[in-house]
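Undergrad: Structure in structure tokens, see below.
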Amino acid sequence: MGVVSRPKRLGTRCTAVLVGVLGLAAGLAGCGSTNLPAPSADFGYVFDQPRPVPATPLVDQYGRSTTLRSFRGKFVVLAQFLTLCQEECPLTTGVFQELQRSVRAVGLGREVAFVEVTVDPGRDTPARLRAYQRRFGADWHLLTGTLGNITKFWAHFGVYFQKVPEGKPPATDWWTGTKLTYDIDHTNGFVLVDRSGDERFITQDIPDLHGHLPAGLRSLLDSKGLGYLRHGVPGQSYTIRQALGALSWLIGRRVPLASG
């Protein structure tokens with residue numbers, strides 16, 4: 001799965017959608033509800049106008065029906081992913097683990113919901129999501145749905161995804177042991193949602209973890225993914241501290257990195 005490039009920080013195959021999204025952005029300086037600095041314009045986009053998240057029907061890893069709006073009342077950290085990703089998704093899962101550890105360390109575990117929604121609904125069934133959760137420590141909400149609903153859901157956020165041929169030689173499915181027959185290209189990053197259910201921040205950058213990732217997640221990476229792990233992507237990467245700073249801004253309380 002290749003990273004979708006972003007020339008001029010908007011260059012994805014969903015540029016037109018993002019241009020429309022950016023038309024709603026009233027300012028990039030801050031939200032006015034906290035003295036903590038807002039994420040910088042180089043990192044992503046801050047929305048100061050109400051932008052409710054969609055109520056698109058989804059299904060969690062236990063087969064239960066839900067929507068993103070069901071998390072209203074909590075701060076939400078949302079990311080796109082697929083369980084068979086070999087490049088940036090395992091890195092994002094690693095970021096989520098650090099963020100979750102940090103908010104729990106300051107007693108905010110019940111206030112913040114971490115949510116990953118697939119871009120591969122054809123393979124990411126609830127059973128596969130549960131297996132991913134158990135094996136790789138994704139101790140949060142993993143959501144899937146019909147192709148139509150997943151497409152509609154991610155279109156709201158300007159997230160592009162498309163089925164593409166699997167690389168050669170094909171990778172092996174970590175769950176079934178069979179060879180993969182296709183991959184999914186998609187835009188990257190994460191979204192922050194406030195307690196009212198409004199999108200407040202979006203980035204399309206890729207994590208730069210400086211080589212640090214749990215062994216299980218590292219095992220999912222192909223050669224390109226290992227390169228991202230070691231070096232990030234110049235001009236398109238963020239650190240865990242940046243992500244935690246953005247989340248602190250959203251919450252209105254500084255949350256230190258638990259791992260130091």
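Chain lettering (A, B, ...) mirrors the order of the structure tokens, residue numbering begins at 1 for each chain separately, and ligand numbering begins at 1 in order of display.
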Which polymer residues have any atom within 6 Å of an atom of range 232-240 of chain A, counting only C-alpha atoms, with same-chain residues fewer than 5 positions away left out, as a list in words?
TA: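 Answer for this query is Asp205, Ile206, Pro207 and Asp208 of chain A.
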Undergrad: Counting only C-alpha atoms, what is within 10 Å of Ala138 in chain A, bar same-chain residues fewer than 2 positions away, as a ChimeraX atom specification?
TA: /A:90,93-94,96-97,114-116,129-136,140-142
Undergrad: Check the DSSP output for the backbone and give back, as a PyMOL selection string, the residues of range 55-252 of chain A in strand (DSSP E).
TA: chain A and resi 58-60+65-66+75-81+112-118+141-144+161-165+182-186+190-193+199-203+206-207+237-238
Undergrad: Between CA of Thr151 in chain A and CA of Ala171 in chain A, what is the spacing in Å?
TA: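 Taking CA of Ala171 in chain A as the start and CA of Thr151 in chain A as the end point, the length is 25.3 Å.
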Undergrad: Please provide the set of residues having any atom within 8 Å of Leu192 in chain A, restricted to only C-alpha atoms, with same-chain residues fewer than 4 positions apart removed, written as a list of chain:residue names.
TA: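 That gives A:Phe75, A:Val76, A:Val77, A:Leu78, A:Glu199, A:Arg200, A:Phe201, A:Ile202, A:Leu247, A:Leu250.
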Undergrad: Got a sec: who's within 8 Å of Phe161 in chain A, counting only C-alpha atoms, leaving out chain neighbours fewer than 6 positions off, as a list in words?
TA: Val119, Ile184, Asp185, His186 and Thr187 of chain A
Undergrad: Pull C-alpha atoms from the residues just selected and write them as a compact mmCIF listing (two decimals), in the first residue's frame.
TA:
# COMPACT_ATOMS: atom_id res chain seq x y z
CA VAL A 119 -10.80 1.37 4.46
CA ILE A 184 -5.61 -0.65 -0.56
CA ASP A 185 -4.11 2.76 -1.28
CA HIS A 186 -5.44 5.50 0.99
CA THR A 187 -4.69 8.88 2.46
Undergrad: For Gly167 in chain A, list every protein, DNA or RNA residue within 10 Å, evaluated using only C-alpha atoms, and leave out those in the same chain fewer than 6 positions away; present the list as a PyMOL selection string.
TA: chain A and resi 1+180-183
Undergrad: Output C-alpha atoms of each residue in that selection to a file, as a compact mmCIF listing (two decimals), in the first residue's frame.
TA:
# COMPACT_ATOMS: atom_id res chain seq x y z
CA MET A 1 0.00 0.00 0.00
CA LEU A 180 -2.74 -11.48 -0.35
CA THR A 181 -4.46 -10.79 -3.67
CA TYR A 182 -4.90 -7.01 -3.46
CA ASP A 183 -3.95 -3.97 -1.44
Undergrad: Using only C-alpha atoms, which of the listed residues (A:Val117, A:Pro169, A:Ala79, A:Pro57) sits closest to Leu91 in chain A?
TA: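 Nearest to Leu91 in chain A: A:Ala79.
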Undergrad: So which bits of range 2-210 of chain A end up alpha helix (DSSP H) when you DSSP the backbone, as a PyMOL selection string?
TA: chain A and resi 15-22+89-105+126-136+147-156
Undergrad: So, with only C-alpha atoms as the atoms that count, which of A:Glu166, A:Tyr62, A:Trp175, A:Asp194 lies closest to Ser248 in chain A?
TA: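 Closest candidate: A:Asp194.
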Undergrad: Would you mind listing what lies within 9 Å of range 64-72 of chain A as a VMD selection string, with only C-alpha atoms counted and same-chain residues fewer than 5 positions away left out?
TA: chain A and resid 52 to 59 113 115 126 143 193 to 198
Undergrad: Have a look at CA of Asp222 in chain A and CA of Gln86 in chain A and let me know their distance in Å, one decimal.
TA: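 Straight-line distance from CA of Asp222 in chain A to CA of Gln86 in chain A works out to 5.3 Å.
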Undergrad: Using only C-alpha atoms, which residue out of A:Ser223, A:Pro170, A:Gln61, A:Thr118 lies closest to Phe153 in chain A?
TA: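 Among the listed residues, the smallest separation from Phe153 in chain A belongs to A:Thr118.
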